[in-house]
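Shown next: work08.pdb, given as PDB, C-alpha atoms and all ligand atoms.
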ATOM      1  CA  MET A   1     123.008 115.889 100.687
ATOM      2  CA  SER A   2     122.418 112.543 102.452
ATOM      3  CA  ASP A   3     120.625 109.696 100.652
ATOM      4  CA  GLN A   4     117.674 110.207 103.002
ATOM      5  CA  ASN A   5     117.353 113.944 102.315
ATOM      6  CA  ASN A   6     117.845 113.453  98.587
ATOM      7  CA  PHE A   7     115.161 110.760  98.577
ATOM      8  CA  ILE A   8     112.745 112.951 100.562
ATOM      9  CA  THR A   9     113.230 115.808  98.097
ATOM     10  CA  HIS A  10     112.503 113.649  95.040
ATOM     11  CA  TYR A  11     109.660 111.739  96.718
ATOM     12  CA  SER A  12     107.868 114.935  97.737
ATOM     13  CA  GLN A  13     108.286 116.404  94.225
ATOM     14  CA  LEU A  14     106.886 113.251  92.628
ATOM     15  CA  GLU A  15     103.992 113.080  95.100
ATOM     16  CA  GLY A  16     103.181 116.720  94.324
ATOM     17  CA  SER A  17     103.008 115.901  90.589
ATOM     18  CA  ILE A  18     100.834 112.836  91.209
ATOM     19  CA  ARG A  19      98.507 114.862  93.425
ATOM     20  CA  SER A  20      98.151 117.612  90.798
ATOM     21  CA  LEU A  21      97.258 115.107  88.098
ATOM     22  CA  MET A  22      94.711 113.404  90.330
ATOM     23  CA  VAL A  23      93.146 116.707  91.301
ATOM     24  CA  GLY A  24      92.757 117.496  87.602
ATOM     25  CA  LEU A  25      91.149 114.136  86.930
ATOM     26  CA  PHE A  26      88.898 113.775  89.949
ATOM     27  CA  SER A  27      88.340 117.023  91.816
ATOM     28  CA  GLY A  28      85.065 117.630  89.962
ATOM     29  CA  THR A  29      83.582 114.380  91.280
ATOM     30  CA  CYS A  30      85.186 114.435  94.734
ATOM     31  CA  SER A  31      84.270 118.054  95.436
ATOM     32  CA  MET A  32      80.573 117.213  94.855
ATOM     33  CA  CYS A  33      80.755 114.084  96.995
ATOM     34  CA  THR A  34      78.704 113.833 100.167
ATOM     35  CA  ALA A  35      80.300 110.519 101.176
ATOM     36  CA  CYS A  36      83.871 111.781 101.454
ATOM     37  CA  CYS A  37      86.176 108.818 102.030
ATOM     38  CA  CYS A  38      88.740 110.782 104.085
ATOM     39  CA  ARG A  39      88.910 109.655 107.722
ATOM     40  CA  ALA A  40      90.836 110.980 110.716
ATOM     41  CA  ASP A  41      92.264 107.510 111.445
ATOM     42  CA  ILE A  42      93.818 107.451 107.956
ATOM     43  CA  CYS A  43      95.148 110.993 108.466
ATOM     44  CA  GLU A  44      96.753 109.816 111.713
ATOM     45  CA  GLU A  45      98.933 107.365 109.800
ATOM     46  CA  ALA A  46     100.880 110.378 108.573
ATOM     47  CA  ILE A  47     101.956 111.264 112.113
ATOM     48  CA  GLN A  48     102.520 107.660 113.199
ATOM     49  CA  SER A  49     104.864 106.982 110.272
ATOM     50  CA  ALA A  50     108.495 108.050 110.774
ATOM     51  CA  PHE A  51     108.949 108.770 107.054
ATOM     52  CA  LEU A  52     105.678 110.659 106.538
ATOM     53  CA  SER A  53     106.399 112.671 109.717
ATOM     54  CA  LEU A  54     109.558 113.963 108.041
ATOM     55  CA  LEU A  55     107.468 115.054 105.065
ATOM     56  CA  LEU A  56     105.034 116.853 107.382
ATOM     57  CA  GLU A  57     107.949 118.558 109.110
ATOM     58  CA  LYS A  58     109.263 119.690 105.692
ATOM     59  CA  GLN A  59     105.983 121.599 105.136
ATOM     60  CA  GLY A  60     105.912 123.018 108.676
ATOM     61  CA  LEU A  61     103.269 120.616 110.001
ATOM     62  CA  SER A  62     103.150 118.478 113.127
ATOM     63  CA  GLU A  63     100.673 116.457 115.183
ATOM     64  CA  ASP A  64      99.272 119.494 117.030
ATOM     65  CA  LYS A  65      98.166 121.043 113.698
ATOM     66  CA  MET A  66      95.946 118.044 112.881
ATOM     67  CA  ASP A  67      92.242 118.411 113.716
ATOM     68  CA  GLU A  68      90.974 115.690 116.059
ATOM     69  CA  LYS A  69      87.768 115.159 114.087
ATOM     70  CA  TYR A  70      88.645 116.037 110.494
ATOM     71  CA  GLY A  71      92.344 115.193 110.427
ATOM     72  CA  TRP A  72      94.091 117.054 107.577
ATOM     73  CA  LEU A  73      90.839 117.785 105.790
ATOM     74  CA  ASP A  74      89.772 121.407 105.528
ATOM     75  CA  LEU A  75      87.210 123.290 103.457
ATOM     76  CA  HIS A  76      89.441 123.017 100.367
ATOM     77  CA  GLY A  77      90.125 119.286 100.712
ATOM     78  CA  CYS A  78      93.261 117.623 102.072
ATOM     79  CA  SER A  79      95.701 120.212 103.372
ATOM     80  CA  LEU A  80      98.764 117.958 102.902
ATOM     81  CA  GLN A  81     100.746 118.902  99.801
ATOM     82  CA  TYR A  82     102.650 115.641 100.233
ATOM     83  CA  GLY A  83     103.172 113.038 102.941
ATOM     84  CA  ARG A  84      99.715 111.491 102.584
ATOM     85  CA  PRO A  85      99.361 107.791 103.414
ATOM     86  CA  PRO A  86      99.458 105.700 100.189
ATOM     87  CA  ILE A  87      95.840 104.590 100.628
ATOM     88  CA  CYS A  88      94.783 108.206 100.004
ATOM     89  CA  TYR A  89      95.926 107.614  96.411
ATOM     90  CA  THR A  90      95.127 103.924  95.879
ATOM     91  CA  TYR A  91      91.480 104.142  96.913
ATOM     92  CA  TYR A  92      88.928 104.775  94.179
ATOM     93  CA  CYS A  93      85.238 104.518  94.873
ATOM     94  CA  ASP A  94      83.078 102.990  92.104
ATOM     95  CA  GLU A  95      81.581 106.407  91.379
ATOM     96  CA  LEU A  96      84.998 107.733  90.472
ATOM     97  CA  LEU A  97      85.964 104.881  88.173
ATOM     98  CA  VAL A  98      82.691 104.667  86.234
ATOM     99  CA  ARG A  99      83.044 108.299  85.232
ATOM    100  CA  LEU A 100      86.240 107.557  83.328
ATOM    101  CA  PRO A 101      85.613 107.150  79.602
ATOM    102  CA  ASN A 102      87.150 103.730  78.835
ATOM    103  CA  ASP A 103      89.146 100.737  80.111
ATOM    104  CA  GLU A 104      92.501 102.271  79.152
ATOM    105  CA  THR A 105      91.808 105.413  81.167
ATOM    106  CA  GLN A 106      90.662 103.297  84.128
ATOM    107  CA  PHE A 107      93.875 101.271  83.893
ATOM    108  CA  ALA A 108      96.018 104.434  83.713
ATOM    109  CA  ALA A 109      94.148 105.896  86.700
ATOM    110  CA  LYS A 110      94.709 102.754  88.758
ATOM    111  CA  VAL A 111      98.432 102.781  87.964
ATOM    112  CA  LEU A 112      98.521 106.477  88.865
ATOM    113  CA  GLY A 113      96.931 105.689  92.228
ATOM    114  CA  ASN A 114      99.552 103.022  92.974
ATOM    115  CA  LEU A 115     102.716 104.996  92.184
ATOM    116  CA  ILE A 116     103.251 106.118  95.782
ATOM    117  CA  GLN A 117     102.485 102.659  97.147
ATOM    118  CA  HIS A 118     105.025 101.131  94.735
ATOM    119  CA  ILE A 119     107.935 103.320  95.867
ATOM    120  CA  GLY A 120     107.905 102.140  99.478
ATOM    121  CA  GLU A 121     107.173  98.401  99.102
ATOM    122  CA  GLN A 122     109.311  96.158 101.361
ATOM    123  CA  ALA A 123     111.508  99.051 102.417
ATOM    124  CA  LEU A 124     112.598  97.241 105.583
ATOM    125  CA  GLY A 125     111.967  93.484 105.494
ATOM    126  CA  ASP A 126     108.276  93.141 104.753
ATOM    127  CA  TRP A 127     107.455  96.605 106.028
ATOM    128  CA  HIS A 128     106.320  99.289 103.664
ATOM    129  CA  LEU A 129     108.248 102.543 104.000
ATOM    130  CA  VAL A 130     105.317 104.319 105.646
ATOM    131  CA  GLU A 131     104.807 101.522 108.208
ATOM    132  CA  ILE A 132     108.165 102.181 109.876
ATOM    133  CA  ARG A 133     107.539 104.009 113.146
ATOM    134  CA  ASN A 134     111.017 104.407 114.578
ATOM    135  CA  SER A 135     112.935 107.194 112.831
ATOM    136  CA  LYS A 136     116.239 105.447 113.664
ATOM    137  CA  ASP A 137     115.214 102.639 111.276
ATOM    138  CA  LEU A 138     115.176 105.054 108.321
ATOM    139  CA  VAL A 139     118.983 104.931 108.088
ATOM    140  CA  LYS A 140     118.797 101.153 107.552
ATOM    141  CA  LEU A 141     116.826 101.426 104.314
ATOM    142  CA  ASP A 142     118.085 100.177 100.968
ATOM    143  CA  TYR A 143     118.176 103.609  99.294
ATOM    144  CA  PRO A 144     119.415 102.369  95.874
ATOM    145  CA  THR A 145     116.273 100.198  95.631
ATOM    146  CA  LEU A 146     114.062 103.047  96.817
ATOM    147  CA  PHE A 147     115.568 105.350  94.179
ATOM    148  CA  GLN A 148     114.994 102.707  91.520
ATOM    149  CA  ARG A 149     111.295 102.490  92.461
ATOM    150  CA  LEU A 150     111.112 106.264  92.459
ATOM    151  CA  GLU A 151     112.450 106.213  88.885
ATOM    152  CA  GLU A 152     109.931 103.529  87.867
ATOM    153  CA  SER A 153     107.067 105.570  89.306
ATOM    154  CA  THR A 154     108.380 108.748  87.666
ATOM    155  CA  ALA A 155     108.588 107.015  84.265
ATOM    156  CA  ALA A 156     105.036 105.682  84.684
ATOM    157  CA  LEU A 157     103.763 109.132  85.641
ATOM    158  CA  GLN A 158     105.268 110.603  82.456
ATOM    159  CA  VAL A 159     103.541 107.909  80.380
ATOM    160  CA  ILE A 160     100.201 108.680  82.056
ATOM    161  CA  GLN A 161     100.600 112.432  81.550
ATOM    162  CA  THR A 162     101.262 111.877  77.844
ATOM    163  CA  PHE A 163      98.396 109.392  77.555
ATOM    164  CA  LEU A 164      95.932 111.854  79.085
ATOM    165  CA  GLU A 165      96.865 114.343  76.354
ATOM    166  CA  SER A 166      97.102 111.955  73.395
ATOM    167  CA  GLY A 167      94.590 109.242  74.354
ATOM    168  CA  ARG A 168      97.059 106.583  73.133
ATOM    169  CA  LEU A 169      99.092 103.939  74.933
ATOM    170  CA  THR A 170     101.822 102.170  72.965
ATOM    171  CA  LYS A 171     103.298  98.727  73.656
ATOM    172  CA  ALA A 172     106.359 100.449  75.182
ATOM    173  CA  ASP A 173     104.032 102.512  77.410
ATOM    174  CA  TYR A 174     102.337  99.334  78.676
ATOM    175  CA  GLU A 175     105.751  97.853  79.514
ATOM    176  CA  ILE A 176     106.506 100.860  81.720
ATOM    177  CA  LEU A 177     103.053 100.892  83.347
ATOM    178  CA  ASN A 178     103.022  97.136  83.975
ATOM    179  CA  ILE A 179     106.052  97.470  86.279
ATOM    180  CA  ILE A 180     103.733  99.120  88.828
ATOM    181  CA  PRO A 181     101.665  96.528  90.721
ATOM    182  CA  ILE A 182      98.019  97.487  91.134
ATOM    183  CA  GLU A 183      96.623  96.862  94.599
ATOM    184  CA  GLU A 184      92.864  96.602  94.858
ATOM    185  CA  PRO A 185      91.981  98.253  98.199
TER
HETATM  186  S1  LIG B   1      86.861 108.940  96.025
HETATM  187 FE1  LIG B   1      84.643 108.661  95.903
HETATM  188  S2  LIG B   1      83.932 108.591  98.049
HETATM  189 FE2  LIG B   1      85.970 109.520  98.022
HETATM  190  S3  LIG B   1      85.625 111.757  97.918
HETATM  191 FE3  LIG B   1      85.910 110.996  95.813
HETATM  192  S4  LIG B   1      83.848 110.602  95.043
HETATM  193 FE4  LIG B   1      83.727 110.710  97.290
HETATM  194  S1  LIG B   2      93.633 112.600 101.660
HETATM  195 FE1  LIG B   2      94.367 113.881 103.375
HETATM  196  S2  LIG B   2      92.520 114.349 104.578
HETATM  197 FE2  LIG B   2      92.039 112.570 103.259
HETATM  198  S3  LIG B   2      92.494 110.742 104.527
HETATM  199 FE3  LIG B   2      94.328 111.231 103.301
HETATM  200  S4  LIG B   2      95.601 112.503 104.661
HETATM  201 FE4  LIG B   2      93.504 112.524 105.475
END
Go ahead and render the structure in this file as structure tokens.
Amino acid sequence: MSDQNNFITHYSQLEGSIRSLMVGLFSGTCSMCTACCCRADICEEAIQSAFLSLLLEKQGLSEDKMDEKYGWLDLHGCSLQYGRPPICYTYYCDELLVRLPNDETQFAAKVLGNLIQHIGEQALGDWHLVEIRNSKDLVKLDYPTLFQRLEESTAALQVIQTFLESGRLTKADYEILNIIPIEEP
């Protein structure tokens, strides 16, 4: 398997796990929301991005399947299992954050929302992985670095999963979580 295909496989698996955890944490609030923050122009980033387009292709999706007005949103929420633009994970409205019980949970949730963003930082010069539009550029990527970020995000996800069950973060846990930069959208 090529580096690119291997990376796509692991990235999509990790994104699926992140999405499941976020659904568990937030679907109650988001499903009641009348100010849904999804927008067709954000959805479009998935078809403009060479990398995300490959992830759409992997799940049998392409531009013609995207609704002009609602993008990838359907009655059940976002129809993308993976391949969502990173902002779909990094953005938290105030309503969402204030419902979390304490500062530690808010911190863990913010790290969780930045795991996808972290993987693709500076994938080609200053470009984030999802900003690359020409598929030919994907062979120029530094895959060892991308795999390292994937591992960092995977380790952080495991810490967050354990924290959500135990309610405790150790010093070692903080060291793993602090590797992930938190972007305030
Ligand atoms: S993140 Fe906030 S604005 Fe967006 S759907 Fe959820 S509750 Fe609504
Ligand atoms: S979560 Fe899905 S439907 Fe919402 S903006 Fe992102 S890609 Fe579009």
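With distances restricted to only C-alpha atoms and all ligand atoms, A:Tyr92 is the closest residue to ligand LIG 1 (chain B) from A:Tyr143, A:Trp72, A:Tyr92, A:Phe51.
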request  = Tell me which of A:Ala35, A:Asn6, A:Leu54, A:Gly77 sits closest to ligand LIG 2 (chain B), counting all atoms listed in the file.
outcome  =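 Selected residue with least distance to ligand LIG 2 (chain B): A:Gly77.
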query = Residues within 7 Å of ligand LIG 2 (chain B) (all atoms listed in the file), as a list in words?
reply = Cys38, Arg39, Ala40, Ile42, Cys43, Ala46, Gly71, Trp72, Leu73, Gly77, Cys78, Ser79, Leu80, Arg84, Pro85 and Cys88 of chain A
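CA of Val111 in chain A lies 14.2 Å from CA of Leu14 in chain A.
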As JSON: centre and edge lengths in Å, one decimal, of the axis-aligned box holding ligand LIG 1 (chain B) with 3 Å per side:
{"center_x": 85.3, "center_y": 110.2, "center_z": 96.5, "size_x": 9.1, "size_y": 9.2, "size_z": 9.0}
query = Of the residues A:Glu44, A:Gly16, A:Ser62, A:Asp94, which is the one nearest to ligand LIG 1 (chain B), using only C-alpha atoms and all ligand atoms?
reply =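 Using only C-alpha atoms and all ligand atoms, ligand LIG 1 (chain B) sits closest to A:Asp94.
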Sorted per-residue table, chain A near ligand LIG 1 (chain B), closest atoms and distance, 12 Å, all atoms listed in the file, as CSV:
residue,atom,partner,partner_atom,distance
A:Met22,CA,B:LIG1,FE3,10.6
A:Val23,CA,B:LIG1,FE3,10.3
A:Leu25,CA,B:LIG1,FE3,10.8
A:Phe26,CA,B:LIG1,FE3,7.1
A:Ser27,CA,B:LIG1,FE3,7.6
A:Gly28,CA,B:LIG1,S4,8.8
A:Thr29,CA,B:LIG1,S4,5.3
A:Cys30,CA,B:LIG1,FE3,3.7
A:Ser31,CA,B:LIG1,S3,6.9
A:Met32,CA,B:LIG1,S4,7.4
A:Cys33,CA,B:LIG1,FE4,4.5
A:Thr34,CA,B:LIG1,FE4,6.6
A:Ala35,CA,B:LIG1,S2,5.2
A:Cys36,CA,B:LIG1,S3,3.9
A:Cys37,CA,B:LIG1,FE2,4.1
A:Cys38,CA,B:LIG1,FE2,6.8
A:Arg39,CA,B:LIG1,FE2,10.1
A:Leu73,CA,B:LIG1,S3,11.2
A:Gly77,CA,B:LIG1,S3,9.2
A:Cys78,CA,B:LIG1,S3,10.5
A:Ile87,CA,B:LIG1,S1,11.0
A:Cys88,CA,B:LIG1,S1,8.9
A:Tyr89,CA,B:LIG1,S1,9.2
A:Thr90,CA,B:LIG1,S1,9.7
A:Tyr91,CA,B:LIG1,S1,6.7
A:Tyr92,CA,B:LIG1,S1,5.0
A:Cys93,CA,B:LIG1,FE1,4.3
A:Asp94,CA,B:LIG1,FE1,7.0
A:Glu95,CA,B:LIG1,FE1,5.9
A:Leu96,CA,B:LIG1,S4,5.5
A:Leu97,CA,B:LIG1,FE1,8.7
A:Val98,CA,B:LIG1,FE1,10.6
A:Arg99,CA,B:LIG1,S4,10.1
A:Gly113,CA,B:LIG1,S1,11.2
Restricting it to C-alpha atoms, dump the selection as a short mmCIF file (atom, residue, chain, number, x, y, z; two decimals), in the frame of the given file.
data_model
loop_
_atom_site.label_atom_id
_atom_site.label_comp_id
_atom_site.auth_asym_id
_atom_site.auth_seq_id
_atom_site.Cartn_x
_atom_site.Cartn_y
_atom_site.Cartn_z
CA MET A 22 94.71 113.40 90.33
CA VAL A 23 93.15 116.71 91.30
CA LEU A 25 91.15 114.14 86.93
CA PHE A 26 88.90 113.78 89.95
CA SER A 27 88.34 117.02 91.82
CA GLY A 28 85.06 117.63 89.96
CA THR A 29 83.58 114.38 91.28
CA CYS A 30 85.19 114.44 94.73
CA SER A 31 84.27 118.05 95.44
CA MET A 32 80.57 117.21 94.86
CA CYS A 33 80.76 114.08 97.00
CA THR A 34 78.70 113.83 100.17
CA ALA A 35 80.30 110.52 101.18
CA CYS A 36 83.87 111.78 101.45
CA CYS A 37 86.18 108.82 102.03
CA CYS A 38 88.74 110.78 104.08
CA ARG A 39 88.91 109.66 107.72
CA LEU A 73 90.84 117.78 105.79
CA GLY A 77 90.12 119.29 100.71
CA CYS A 78 93.26 117.62 102.07
CA ILE A 87 95.84 104.59 100.63
CA CYS A 88 94.78 108.21 100.00
CA TYR A 89 95.93 107.61 96.41
CA THR A 90 95.13 103.92 95.88
CA TYR A 91 91.48 104.14 96.91
CA TYR A 92 88.93 104.78 94.18
CA CYS A 93 85.24 104.52 94.87
CA ASP A 94 83.08 102.99 92.10
CA GLU A 95 81.58 106.41 91.38
CA LEU A 96 85.00 107.73 90.47
CA LEU A 97 85.96 104.88 88.17
CA VAL A 98 82.69 104.67 86.23
CA ARG A 99 83.04 108.30 85.23
CA GLY A 113 96.93 105.69 92.23
#
Dump N, CA, C and O atoms of range 3-26 of chain A from the given block, as a CSV table (one decimal), in the first residue's frame.
chain,number,residue,atom,x,y,z
A,3,ASP,N,2.2,5.1,0.7
A,3,ASP,CA,2.1,6.0,1.8
A,3,ASP,C,0.8,6.8,1.8
A,3,ASP,O,0.1,6.9,2.9
A,4,GLN,N,0.4,7.3,0.6
A,4,GLN,CA,-0.8,8.1,0.6
A,4,GLN,C,-2.1,7.2,0.9
A,4,GLN,O,-2.9,7.7,1.7
A,5,ASN,N,-2.2,6.0,0.4
A,5,ASN,CA,-3.3,5.2,0.7
A,5,ASN,C,-3.4,4.7,2.1
A,5,ASN,O,-4.4,4.7,2.8
A,6,ASN,N,-2.2,4.4,2.7
A,6,ASN,CA,-2.1,4.0,4.1
A,6,ASN,C,-2.5,5.2,5.0
A,6,ASN,O,-3.2,5.0,5.9
A,7,PHE,N,-2.0,6.4,4.6
A,7,PHE,CA,-2.4,7.6,5.4
A,7,PHE,C,-3.9,7.8,5.3
A,7,PHE,O,-4.5,8.1,6.4
A,8,ILE,N,-4.5,7.7,4.2
A,8,ILE,CA,-5.9,7.9,4.0
A,8,ILE,C,-6.7,6.9,4.9
A,8,ILE,O,-7.7,7.3,5.5
A,9,THR,N,-6.3,5.7,4.9
A,9,THR,CA,-7.0,4.7,5.7
A,9,THR,C,-6.9,5.0,7.1
A,9,THR,O,-8.0,5.0,7.8
A,10,HIS,N,-5.8,5.4,7.7
A,10,HIS,CA,-5.7,5.7,9.1
A,10,HIS,C,-6.3,7.0,9.5
A,10,HIS,O,-7.0,7.1,10.5
A,11,TYR,N,-6.2,8.0,8.6
A,11,TYR,CA,-6.9,9.3,8.8
A,11,TYR,C,-8.4,9.1,8.9
A,11,TYR,O,-9.1,9.6,9.8
A,12,SER,N,-9.0,8.4,7.9
A,12,SER,CA,-10.4,8.2,7.9
A,12,SER,C,-10.9,7.4,9.1
A,12,SER,O,-12.0,7.7,9.7
A,13,GLN,N,-10.1,6.4,9.6
A,13,GLN,CA,-10.5,5.7,10.8
A,13,GLN,C,-10.5,6.6,12.0
A,13,GLN,O,-11.4,6.6,12.8
A,14,LEU,N,-9.4,7.4,12.1
A,14,LEU,CA,-9.3,8.3,13.3
A,14,LEU,C,-10.4,9.4,13.2
A,14,LEU,O,-11.1,9.6,14.2
A,15,GLU,N,-10.7,9.9,12.0
A,15,GLU,CA,-11.8,10.9,11.9
A,15,GLU,C,-13.1,10.3,12.4
A,15,GLU,O,-13.9,10.9,13.0
A,16,GLY,N,-13.3,9.0,11.9
A,16,GLY,CA,-14.6,8.3,12.3
A,16,GLY,C,-14.7,8.2,13.9
A,16,GLY,O,-15.8,8.4,14.4
A,17,SER,N,-13.6,7.9,14.5
A,17,SER,CA,-13.6,7.8,16.0
A,17,SER,C,-13.8,9.2,16.7
A,17,SER,O,-14.6,9.3,17.7
A,18,ILE,N,-13.2,10.2,16.1
A,18,ILE,CA,-13.4,11.6,16.7
A,18,ILE,C,-14.9,12.0,16.5
A,18,ILE,O,-15.5,12.5,17.4
A,19,ARG,N,-15.4,11.7,15.3
A,19,ARG,CA,-16.8,12.1,15.0
A,19,ARG,C,-17.8,11.3,16.0
A,19,ARG,O,-18.6,12.0,16.6
A,20,SER,N,-17.5,10.1,16.2
A,20,SER,CA,-18.4,9.3,17.1
A,20,SER,C,-18.4,9.9,18.5
A,20,SER,O,-19.4,10.0,19.2
A,21,LEU,N,-17.2,10.3,19.0
A,21,LEU,CA,-17.1,10.8,20.4
A,21,LEU,C,-17.8,12.2,20.4
A,21,LEU,O,-18.5,12.4,21.4
A,22,MET,N,-17.6,13.0,19.4
A,22,MET,CA,-18.3,14.3,19.4
A,22,MET,C,-19.8,14.1,19.3
A,22,MET,O,-20.5,14.9,20.0
A,23,VAL,N,-20.3,13.2,18.6
A,23,VAL,CA,-21.7,13.0,18.5
A,23,VAL,C,-22.2,12.6,19.9
A,23,VAL,O,-23.2,13.2,20.3
A,24,GLY,N,-21.5,11.7,20.6
A,24,GLY,CA,-21.9,11.3,21.9
A,24,GLY,C,-21.9,12.5,22.9
A,24,GLY,O,-22.8,12.6,23.7
A,25,LEU,N,-21.0,13.4,22.7
A,25,LEU,CA,-20.9,14.6,23.6
A,25,LEU,C,-21.9,15.7,23.3
A,25,LEU,O,-22.5,16.3,24.2
A,26,PHE,N,-22.2,15.9,22.0
A,26,PHE,CA,-22.9,17.1,21.6
A,26,PHE,C,-24.2,16.9,20.8
A,26,PHE,O,-24.9,17.9,20.6
